[in-house]
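K.L.:
Below are the structure tokens for one structure; questions will follow.
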Number of protein chains: 2
Amino acid sequence: MSLASLQATVERDQAAIDLVVARLAERFADRFSTSDAMREQHGHTTTWLPNQWPDGVVFVRSTEEVAEIVKLCAEHGVAIVPFGTGSSLEGHVNAPAGGISIDLSQMNEVLEVHPEDLDCRVQAGVTRKQINEYLRDTGLFFPIDPGADASLGGMAATRASGTNAVRYGTMKDAVLGLTAVMANGEIIRTGGRAKKSSAGYDLTRLLIGSEGTLGIITELTLRLYGIPEAIAGGVCAFPDLEAACSAVILTIQCGIPVARIELLDTQQVKACNAYSKLGLAESPTLFVEFHGTDASVREQSELFGSIARECGGGEFSWATKPEERSRLWAARHDAYWAALGLRPGAKGVSTDVCVPISRLAECIGETYRDIEEMGLIAPIVGHVGDGNFHVLVLVDVDSQDEIAKAEEFVERLNWRALDMEGTCTGEHGVGQGKMKYLVREHGAGLDVMRTIKRALDPHGILNPGKIVRLD
Amino acid sequence: MSLASLQATVERDQAAIDLVVARLAERFADRFSTSDAMREQHGHTTTWLPNQWPDGVVFVRSTEEVAEIVKLCAEHGVAIVPFGTGSSLEGHVNAPAGGISIDLSQMNEVLEVHPEDLDCRVQAGVTRKQINEYLRDTGLFFPIDPGADASLGGMAATRASGTNAVRYGTMKDAVLGLTAVMANGEIIRTGGRAKKSSAGYDLTRLLIGSEGTLGIITELTLRLYGIPEAIAGGVCAFPDLEAACSAVILTIQCGIPVARIELLDTQQVKACNAYSKLGLAESPTLFVEFHGTDASVREQSELFGSIARECGGGEFSWATKPEERSRLWAARHDAYWAALGLRPGAKGVSTDVCVPISRLAECIGETYRDIEEMGLIAPIVGHVGDGNFHVLVLVDVDSQDEIAKAEEFVERLNWRALDMEGTCTGEHGVGQGKMKYLVREHGAGLDVMRTIKRALDPHGILNPGKIVRLD
């Protein structure tokens, strides 16, 4: 994808930008930077999209500071790109119109914890690991785990989920309310601390997944859970993909409240064996985890074991000892690094789609044929309880040929998911990379999204060039 | 609340209405009615709000018919009020600007059921009892149960929930996707069959709870669940409200996946004893239900029993026999009728608020003092696992004094809930009755809601006079 095509829809007024940069430099002193290194880092992408720098980066410490910057940028028509930790995967933090990157990483305070209500309020720069470390002594935890130690604001903005989503839902379920700065600099608080409400339009859910294009999330009220009394987990190998997927479908249908159920394909298992020194059978494998009481995790494990056997799976050995579980899930979390080992020197580009679970085996099967026919190295891991899977394409990014081939592969994958009544992204978000699929996925709904964007950000200053085009 | 104040914000052009009525009469023949009885029934309210009739009622059979009517009304600036079963509680189906009531009750087809994906697609007029009867042989069920046999479209439009919400969530969680007709007559399909998606703005959640003011929901894709292998339930009396609330808080904190946990206050227990011939101890009482395997419901019941004891509760006797459980839950469902028996001839007006669960005892306690000091008869039942409770005020609606007193009571209740970081409605919705509380609850967020309403329905034809005022 060329830089020109990404920039086509957004305007850039250098005089206005220079003015805003000068004002911010004066106002924020050493919390504002225009250094090349800082700008490059804040426009970086984790994919093959070209890096598009902002003109300056400001490190904010409060909602009011964000509002002040937004008002200044609004006055001069300068673009704003909110930045959490930069772990997004579809070019979300790229700055195709330049402008100001608002880095929220210093807004990292846990503001309130209410153990009785199982909720807390945090600033948007708090990361998921940080909140869980903070909560450790309370017996509570925050379950959404997208892998990366992302900021909670960024996770909300991209509607992140991850391995625990099959049990605990996604960011749309985990957030009770938000504080956000809108395009005119107005500060709003959506939702609240009540567990449910029917009081008007769901602005919380509108902002979640809007990727900074409708407002900048500065604080979040999060739903927490008690740390389960018992956690059990295990691994089970299957003769083929269909068998593994059947086991997943039956597990969900039987109402086993599985906390995680992750698929690793044969190639990924090989990579993990090599990287994490495991001795797993090299065939499609499910990693599973159960949360509950001692008795209930035993029951869940036994039920799953019998389902796995019924589907032709190998022996299901489950473990409740933290160190055994930790070893397995560390390997799952290191899947990315392990996969890189399959082709040293290559860049791993992760893409995701999500389909109805009944189509999962078929969708992954067709994707395999593409991988083989196109001669790619591209292991698959999946949050299969949700029908969501990732392909990590290992690309030599210096080869235009390879990038073109990888792009074609990703394109075919997305059309395939849409053909199967799925979505072009289960959890990574749209950013710049998935915009072209939205026309097909949403049809006339995309016009409605555009109408909302125009109404809430009439000058198009909030993270321009992401999700919807206004021209 | 006077009729004038409800009508103040919406305009009525009789010539335009007459024209639309004539066109609809010609087009829909006996599926269009202007009879007084029909109009009165479709503008009816279940509260003390005055009945405001639409000018005509049209019974639609397809999304395309809805689109056709919306286009006609849009062309002439005539108001539209979507109508499901009319069980809403805050004047949602009143027609302050007259216009056309679109009755969706004949759109009552179950379109698709996908047992392996645990989802189904239905027309908006299908009711919750109908879908569960339809699903019976599949081993699946749809869990959202607001009490009334409401239409699923209406339940989505008001973000309904009910007794099962503590375990299964609300309509915002139960709906995967929608078909809706927007104010310009365009048909959109939001969401889809994938269990999760990060592909753009969450139009599904924006329409859920929008009460027909942003679009008319005509079809829904719903998330289904396997009927639990075992269901156990029971009753436990507590010495006072605080003790009952403490038991609820501990139950949730311990992660017991309780399926229902309902509070009946002493007055309601008395009413149920009389109406449903129960012999319950007359003090604050929790009705609870557990879903799971045989072993897990036994474990959940025992855990709850020990929590209840710890909180000073009486003996917790739990039952797995369907007939025993049915008798209890029938009594819970009949709570409304039972309460009416406390004051024969009075109308029962139900209002709801929702607060953080830690404030529940305090909120209900202060509400009691009001009931006592104001001399009202007003039993309380609550979906206390969510911090949500209902007060059924028994009013002589022919007495302006009584209505004024009841309105003052409701007003104080709402401000109280908001003071406690709660919401003015947990599940009934805004309609006409709760609009005045939104300013305080949402602050600047209400401007954002108004901006969205203006953008998506610029002529204000969709259910005018509900949720937000445009003037």
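If you're wondering about the labels, chains in the structure tokens are A, B, ... by order shown, residues count from 1 in each chain, ligands from 1 in order shown.
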Please run DSSP on the backbone and report, as a PyMOL selection string, all residues within stretch 222-415 of chain B that come out as strand (DSSP E).
P.N.:
chain B and resi 222-223+225-226+230-237+258-264+285-292+317-319+347-354+380-383+388-395
K.L.:
Grab the residues selected above and save them as an mmCIF file, in the first residue's frame with C-alpha atoms.
P.N.:
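And here is the file that came out, part.cif:
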```cif
data_model
loop_
_atom_site.group_PDB
_atom_site.id
_atom_site.type_symbol
_atom_site.label_atom_id
_atom_site.label_comp_id
_atom_site.auth_asym_id
_atom_site.auth_seq_id
_atom_site.Cartn_x
_atom_site.Cartn_y
_atom_site.Cartn_z
ATOM 1 C CA LEU B 222 -29.216 -13.293 18.975
ATOM 2 C CA ARG B 223 -26.685 -15.157 21.069
ATOM 3 C CA TYR B 225 -27.052 -20.662 25.363
ATOM 4 C CA GLY B 226 -27.313 -24.376 26.013
ATOM 5 C CA ALA B 230 -29.082 -28.787 36.118
ATOM 6 C CA ILE B 231 -30.927 -25.855 37.642
ATOM 7 C CA ALA B 232 -31.256 -25.365 41.370
ATOM 8 C CA GLY B 233 -32.999 -22.619 43.207
ATOM 9 C CA GLY B 234 -34.089 -21.566 46.625
ATOM 10 C CA VAL B 235 -35.229 -18.879 49.000
ATOM 11 C CA CYS B 236 -33.559 -17.329 51.995
ATOM 12 C CA ALA B 237 -34.992 -14.803 54.457
ATOM 13 C CA VAL B 258 -25.475 -17.141 40.246
ATOM 14 C CA ALA B 259 -28.057 -17.119 37.429
ATOM 15 C CA ARG B 260 -30.638 -15.048 39.297
ATOM 16 C CA ILE B 261 -30.578 -13.338 42.658
ATOM 17 C CA GLU B 262 -33.729 -11.389 43.385
ATOM 18 C CA LEU B 263 -34.671 -9.363 46.422
ATOM 19 C CA LEU B 264 -38.258 -9.083 47.635
ATOM 20 C CA THR B 285 -35.931 -12.364 51.108
ATOM 21 C CA LEU B 286 -33.614 -13.477 48.339
ATOM 22 C CA PHE B 287 -34.791 -15.782 45.561
ATOM 23 C CA VAL B 288 -31.761 -17.394 43.939
ATOM 24 C CA GLU B 289 -31.144 -19.744 41.052
ATOM 25 C CA PHE B 290 -28.042 -21.605 39.908
ATOM 26 C CA HIS B 291 -27.316 -23.079 36.483
ATOM 27 C CA GLY B 292 -24.696 -25.710 35.722
ATOM 28 C CA SER B 317 -33.466 -24.581 51.379
ATOM 29 C CA TRP B 318 -32.705 -25.283 47.774
ATOM 30 C CA ALA B 319 -34.593 -27.350 45.303
ATOM 31 C CA LYS B 347 -52.740 1.342 39.322
ATOM 32 C CA GLY B 348 -49.244 -0.060 39.776
ATOM 33 C CA VAL B 349 -46.631 2.242 38.353
ATOM 34 C CA SER B 350 -43.218 0.677 38.126
ATOM 35 C CA THR B 351 -40.023 2.708 38.217
ATOM 36 C CA ASP B 352 -36.443 1.499 38.321
ATOM 37 C CA VAL B 353 -32.993 2.761 39.191
ATOM 38 C CA CYS B 354 -29.615 1.036 39.418
ATOM 39 C CA ILE B 380 -39.721 -3.136 46.212
ATOM 40 C CA VAL B 381 -38.264 -5.972 44.182
ATOM 41 C CA GLY B 382 -34.776 -5.966 42.839
ATOM 42 C CA HIS B 383 -32.354 -7.612 40.446
ATOM 43 C CA ASN B 388 -30.993 -2.677 40.087
ATOM 44 C CA PHE B 389 -34.324 -2.357 41.862
ATOM 45 C CA HIS B 390 -37.924 -1.519 41.077
ATOM 46 C CA VAL B 391 -40.478 0.283 43.154
ATOM 47 C CA LEU B 392 -44.093 -0.385 42.284
ATOM 48 C CA VAL B 393 -46.017 2.650 43.438
ATOM 49 C CA LEU B 394 -49.701 1.898 43.881
ATOM 50 C CA VAL B 395 -51.530 5.028 42.813
#
```
K.L.:
Do a neighbour search on stretch 420-433 of chain B at 7 Å with only C-alpha atoms, toss out local chain neighbours closer than 5 positions, and write the hits as a ChimeraX atom specification.
P.N.:
/A:192-194,196-200 /B:89-92,158-161,352-356,359,388,414,441,465-467
K.L.:
Using N, CA and C atoms, can you export the residues from the last selection as an mmCIF file, in the first residue's frame?
P.N.:
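part_38.cif was written with the following content:
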```
data_model
loop_
_atom_site.group_PDB
_atom_site.id
_atom_site.type_symbol
_atom_site.label_atom_id
_atom_site.label_comp_id
_atom_site.auth_asym_id
_atom_site.auth_seq_id
_atom_site.Cartn_x
_atom_site.Cartn_y
_atom_site.Cartn_z
ATOM 1 N N GLY A 192 -21.008 4.701 33.803
ATOM 2 C CA GLY A 192 -20.882 5.049 35.201
ATOM 3 C C GLY A 192 -20.504 3.819 35.981
ATOM 4 N N ARG A 193 -20.877 3.797 37.256
ATOM 5 C CA ARG A 193 -20.497 2.662 38.090
ATOM 6 C C ARG A 193 -21.638 1.668 38.267
ATOM 7 N N ALA A 194 -22.824 1.985 37.797
ATOM 8 C CA ALA A 194 -23.901 0.994 37.838
ATOM 9 C C ALA A 194 -23.562 -0.126 36.852
ATOM 10 N N LYS A 196 -25.463 -1.819 35.021
ATOM 11 C CA LYS A 196 -26.202 -1.725 33.763
ATOM 12 C C LYS A 196 -27.007 -0.442 33.763
ATOM 13 N N SER A 197 -27.389 -0.005 32.600
ATOM 14 C CA SER A 197 -28.164 1.220 32.491
ATOM 15 C C SER A 197 -28.913 1.203 31.167
ATOM 16 N N SER A 198 -30.098 1.802 31.167
ATOM 17 C CA SER A 198 -30.850 1.993 29.919
ATOM 18 C C SER A 198 -31.075 3.470 29.672
ATOM 19 N N ALA A 199 -30.180 4.294 30.234
ATOM 20 C CA ALA A 199 -30.399 5.740 30.207
ATOM 21 C C ALA A 199 -29.759 6.399 28.993
ATOM 22 N N GLY A 200 -30.314 6.146 27.823
ATOM 23 C CA GLY A 200 -29.863 6.871 26.630
ATOM 24 C C GLY A 200 -28.876 6.106 25.783
ATOM 25 N N LEU B 89 -42.354 0.886 29.805
ATOM 26 C CA LEU B 89 -42.860 1.446 31.067
ATOM 27 C C LEU B 89 -42.679 2.944 31.229
ATOM 28 N N GLU B 90 -42.104 3.621 30.268
ATOM 29 C CA GLU B 90 -41.867 5.055 30.444
ATOM 30 C C GLU B 90 -42.454 5.889 29.295
ATOM 31 N N GLY B 91 -43.570 5.422 28.746
ATOM 32 C CA GLY B 91 -44.219 6.197 27.683
ATOM 33 C C GLY B 91 -43.502 6.136 26.347
ATOM 34 N N HIS B 92 -42.747 5.049 26.126
ATOM 35 C CA HIS B 92 -41.967 4.938 24.882
ATOM 36 C C HIS B 92 -42.828 4.962 23.629
ATOM 37 N N THR B 158 -35.001 -0.938 23.998
ATOM 38 C CA THR B 158 -34.968 -0.346 25.346
ATOM 39 C C THR B 158 -33.815 -0.888 26.192
ATOM 40 N N ARG B 159 -32.953 -1.662 25.613
ATOM 41 C CA ARG B 159 -31.831 -2.298 26.325
ATOM 42 C C ARG B 159 -32.353 -3.021 27.576
ATOM 43 N N ALA B 160 -33.323 -3.896 27.361
ATOM 44 C CA ALA B 160 -33.975 -4.613 28.454
ATOM 45 C C ALA B 160 -33.037 -5.646 29.078
ATOM 46 N N SER B 161 -33.397 -6.053 30.287
ATOM 47 C CA SER B 161 -32.631 -7.147 30.887
ATOM 48 C C SER B 161 -33.552 -7.986 31.758
ATOM 49 N N ASP B 352 -37.661 2.213 37.957
ATOM 50 C CA ASP B 352 -36.443 1.499 38.321
ATOM 51 C C ASP B 352 -35.235 2.429 38.317
ATOM 52 N N VAL B 353 -34.299 2.117 39.194
ATOM 53 C CA VAL B 353 -32.993 2.761 39.191
ATOM 54 C C VAL B 353 -31.947 1.668 39.409
ATOM 55 N N CYS B 354 -30.692 2.010 39.236
ATOM 56 C CA CYS B 354 -29.615 1.036 39.418
ATOM 57 C C CYS B 354 -28.416 1.765 40.015
ATOM 58 N N VAL B 355 -27.837 1.189 41.068
ATOM 59 C CA VAL B 355 -26.711 1.825 41.761
ATOM 60 C C VAL B 355 -25.576 0.810 41.933
ATOM 61 N N PRO B 356 -24.359 1.293 42.210
ATOM 62 C CA PRO B 356 -23.310 0.326 42.550
ATOM 63 C C PRO B 356 -23.805 -0.526 43.718
ATOM 64 N N ARG B 359 -23.887 0.416 47.381
ATOM 65 C CA ARG B 359 -24.794 1.457 47.849
ATOM 66 C C ARG B 359 -26.244 0.991 47.900
ATOM 67 N N ASN B 388 -29.814 -3.236 40.758
ATOM 68 C CA ASN B 388 -30.993 -2.677 40.087
ATOM 69 C C ASN B 388 -32.243 -3.017 40.898
ATOM 70 N N ASN B 414 -34.798 9.058 41.885
ATOM 71 C CA ASN B 414 -33.831 9.188 40.798
ATOM 72 C C ASN B 414 -32.628 10.046 41.190
ATOM 73 N N GLU B 441 -27.349 13.099 34.688
ATOM 74 C CA GLU B 441 -26.607 11.836 34.565
ATOM 75 C C GLU B 441 -25.489 11.932 33.526
ATOM 76 N N GLY B 465 -39.642 13.227 20.845
ATOM 77 C CA GLY B 465 -40.027 13.492 22.234
ATOM 78 C C GLY B 465 -39.562 12.424 23.204
ATOM 79 N N LYS B 466 -38.655 11.542 22.753
ATOM 80 C CA LYS B 466 -38.100 10.516 23.637
ATOM 81 C C LYS B 466 -36.571 10.698 23.714
ATOM 82 N N ILE B 467 -36.010 10.360 24.837
ATOM 83 C CA ILE B 467 -34.564 10.417 25.139
ATOM 84 C C ILE B 467 -34.010 11.843 25.071
#
```
K.L.:
With only C-alpha atoms as the atoms that count, which of A:Arg121, A:His459, A:Lys405, A:Arg454 lies nearest to chain B?
P.N.:
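Nearest candidate to chain B out of A:Arg121, A:His459, A:Lys405, A:Arg454: A:Arg454.
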K.L.:
Which parts of stretch 276-431 of chain B does DSSP call alpha helix (DSSP H) when run on the backbone here, written out as a VMD selection string?
P.N.:
chain B and resid 276 294 to 310 322 to 333 335 to 340 360 to 374 400 to 419
K.L.:
Deliver the residues from the most recent selection as a file, using C-alpha atoms, as a tab-separated table (two decimals), in the first residue's frame.
P.N.:
```tsv
chain	number	residue	atom	x	y	z
B	276	SER	CA	-49.36	-17.15	45.41
B	294	ASP	CA	-25.46	-31.40	38.93
B	295	ALA	CA	-22.24	-31.15	40.85
B	296	SER	CA	-21.73	-27.46	40.24
B	297	VAL	CA	-25.25	-26.35	41.18
B	298	ARG	CA	-24.90	-28.36	44.38
B	299	GLU	CA	-21.60	-26.66	45.10
B	300	GLN	CA	-22.97	-23.21	44.25
B	301	SER	CA	-26.01	-23.79	46.45
B	302	GLU	CA	-23.87	-24.91	49.38
B	303	LEU	CA	-21.53	-21.97	49.01
B	304	PHE	CA	-24.44	-19.57	48.86
B	305	GLY	CA	-25.99	-21.26	51.88
B	306	SER	CA	-22.88	-20.70	53.93
B	307	ILE	CA	-22.64	-17.06	52.82
B	308	ALA	CA	-26.29	-16.54	53.72
B	309	ARG	CA	-25.72	-18.04	57.18
B	310	GLU	CA	-22.65	-15.86	57.68
B	322	PRO	CA	-38.73	-28.35	38.43
B	323	GLU	CA	-42.15	-28.12	40.10
B	324	GLU	CA	-40.76	-26.61	43.31
B	325	ARG	CA	-38.64	-24.14	41.41
B	326	SER	CA	-41.48	-23.28	39.08
B	327	ARG	CA	-43.75	-22.47	42.00
B	328	LEU	CA	-41.20	-20.02	43.42
B	329	TRP	CA	-40.39	-18.31	40.16
B	330	ALA	CA	-44.03	-18.15	39.18
B	331	ALA	CA	-44.54	-16.24	42.41
B	332	ARG	CA	-41.64	-13.94	41.50
B	333	HIS	CA	-43.09	-13.35	38.06
B	335	ALA	CA	-45.01	-10.15	42.00
B	336	TYR	CA	-46.69	-7.33	40.07
B	337	TRP	CA	-50.15	-8.88	40.35
B	338	ALA	CA	-49.52	-9.82	43.95
B	339	ALA	CA	-48.53	-6.24	44.75
B	340	LEU	CA	-51.68	-4.87	43.17
B	360	LEU	CA	-27.85	-0.74	47.36
B	361	ALA	CA	-28.86	-1.20	51.00
B	362	GLU	CA	-28.42	2.50	51.65
B	363	CYS	CA	-30.37	3.47	48.55
B	364	ILE	CA	-33.26	1.15	49.32
B	365	GLY	CA	-33.16	2.21	53.00
B	366	GLU	CA	-33.54	5.90	52.14
B	367	THR	CA	-36.27	5.00	49.67
B	368	TYR	CA	-38.14	3.22	52.46
B	369	ARG	CA	-38.04	6.32	54.61
B	370	ASP	CA	-39.62	8.25	51.75
B	371	ILE	CA	-42.31	5.61	51.27
B	372	GLU	CA	-43.11	5.75	54.96
B	373	GLU	CA	-43.01	9.52	55.32
B	374	MET	CA	-45.06	10.07	52.18
B	400	GLN	CA	-53.99	14.52	41.00
B	401	ASP	CA	-52.67	14.77	44.55
B	402	GLU	CA	-51.58	11.17	44.56
B	403	ILE	CA	-49.97	11.47	41.17
B	404	ALA	CA	-48.10	14.56	42.29
B	405	LYS	CA	-46.91	12.75	45.41
B	406	ALA	CA	-45.86	9.69	43.41
B	407	GLU	CA	-44.01	11.90	40.93
B	408	GLU	CA	-42.17	13.60	43.77
B	409	PHE	CA	-41.28	10.21	45.20
B	410	VAL	CA	-39.94	9.00	41.84
B	411	GLU	CA	-38.02	12.22	41.40
B	412	ARG	CA	-36.36	11.89	44.80
B	413	LEU	CA	-35.55	8.26	44.04
B	414	ASN	CA	-33.83	9.19	40.80
B	415	TRP	CA	-31.76	12.01	42.29
B	416	ARG	CA	-30.79	9.61	45.09
B	417	ALA	CA	-29.59	6.98	42.62
B	418	LEU	CA	-27.60	9.60	40.73
B	419	ASP	CA	-26.10	10.90	43.99
```
K.L.:
B:His114, B:Lys129, B:Lys321, B:Lys195: which is nearest chain A, counting only C-alpha atoms?
P.N.:
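For chain A, the nearest of the candidates is B:Lys195.
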K.L.:
When you look at B:Met171 with a cut-off of 9 Å (counting only C-alpha atoms), what residues show up, excluding the ones that are within fewer than 2 positions of it in the same chain? I need them as a count of residues only.
P.N.:
16
K.L.:
Which one of A:Leu220, A:Thr179, A:Gly460, A:Ser283 sits closest to chain B if you count only C-alpha atoms?
P.N.:
A:Thr179
K.L.:
Which residues are close to A:Asn51, i.e. within 10 Å by only C-alpha atoms, leaving aside same-chain residues fewer than 2 positions away? Reply as a list in words.
P.N.:
Leu3, Arg39, Glu40, Gln41, His42, Gly43, His44, Thr45, Thr46, Thr47, Trp48, Leu49, Trp53, Pro54, Gly91, Val93, Asn94, Ala95 and Pro96 of chain A
K.L.:
Could you please take those selected residues and save C-alpha atoms as a PDB file, in the first residue's frame?
P.N.:
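Once everything was written out, this is out28.pdb:
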```pdb
ATOM      1  CA  LEU A   3       2.080   6.254   1.178  1.00  0.00           C
ATOM      2  CA  ARG A  39       8.338  11.153  15.960  1.00  0.00           C
ATOM      3  CA  GLU A  40       9.386   7.971  14.201  1.00  0.00           C
ATOM      4  CA  GLN A  41       8.632   5.876  17.262  1.00  0.00           C
ATOM      5  CA  HIS A  42       5.156   7.408  17.608  1.00  0.00           C
ATOM      6  CA  GLY A  43       4.216   6.839  13.983  1.00  0.00           C
ATOM      7  CA  HIS A  44       5.727   3.398  13.877  1.00  0.00           C
ATOM      8  CA  THR A  45       3.756   0.482  12.578  1.00  0.00           C
ATOM      9  CA  THR A  46       3.973  -3.173  13.408  1.00  0.00           C
ATOM     10  CA  THR A  47       3.109  -4.158   9.856  1.00  0.00           C
ATOM     11  CA  TRP A  48       4.310  -3.344   6.352  1.00  0.00           C
ATOM     12  CA  LEU A  49       2.492  -0.030   6.242  1.00  0.00           C
ATOM     13  CA  TRP A  53       5.449  10.601  11.467  1.00  0.00           C
ATOM     14  CA  PRO A  54       3.518  13.104  13.489  1.00  0.00           C
ATOM     15  CA  GLY A  91      -1.267   1.318  11.534  1.00  0.00           C
ATOM     16  CA  VAL A  93      -0.889   5.401  15.316  1.00  0.00           C
ATOM     17  CA  ASN A  94       0.397   6.406  11.917  1.00  0.00           C
ATOM     18  CA  ALA A  95       0.032  10.128  11.174  1.00  0.00           C
ATOM     19  CA  PRO A  96      -0.832  10.429   7.472  1.00  0.00           C
TER      20      PRO A  96
END
```
K.L.:
As a list of chain:residue names, please: the residues near A:Arg61 (cut-off 12 Å, only C-alpha atoms, same-chain neighbours under 2 positions excluded).
P.N.:
A:Phe28, A:Arg31, A:Phe32, A:Val58, A:Phe59, A:Thr63, A:Glu64, A:Glu65, A:Val66, A:Ala67, A:Glu68, A:Ile69, A:Ile102, A:Asp103, A:Leu104, A:Ser105, A:Gln106, A:Met107, A:Asn108, A:Glu109, A:Gln123, A:Ala124, A:Gly125, A:Val126, A:Thr218, A:Glu219
K.L.:
Restricting the calculation to only C-alpha atoms, which member of A:Pro464, A:Pro239, A:Gly147, A:Pro458 is positioned closest to A:Pro82?
P.N.:
A:Pro464
K.L.:
Quote the spacing between atom CA of A:Thr85 and atom CA of A:Asp149 in Å to one decimal place.
P.N.:
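A separation of 8.0 Å between them.
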K.L.:
Mind checking which residues fall within 12 Å of stretch 23-26 of chain A, counting only C-alpha atoms, ignoring those fewer than 3 positions away in the same chain, and posting them as a PyMOL selection string?
P.N.:
chain A and resi 16-20+29-35+55-60+65-66+68-73+76+99-102
K.L.:
If we count only C-alpha atoms, what is near B:Leu207 at a cut-off of 12 Å, once residues fewer than 5 positions away on the same chain are taken out, given as a ChimeraX atom specification?
P.N.:
/A:198,200-203,205-206,445,448 /B:153-159,171-172,175-182,188-191,201-202,212-218,220,452-453,456
K.L.:
Nearest to B:Val468: which of B:Thr221, B:Gln130, B:Gln52, B:Thr451 is it, counting only C-alpha atoms?
P.N.:
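Ranked by minimum distance to B:Val468, first place goes to B:Thr451.
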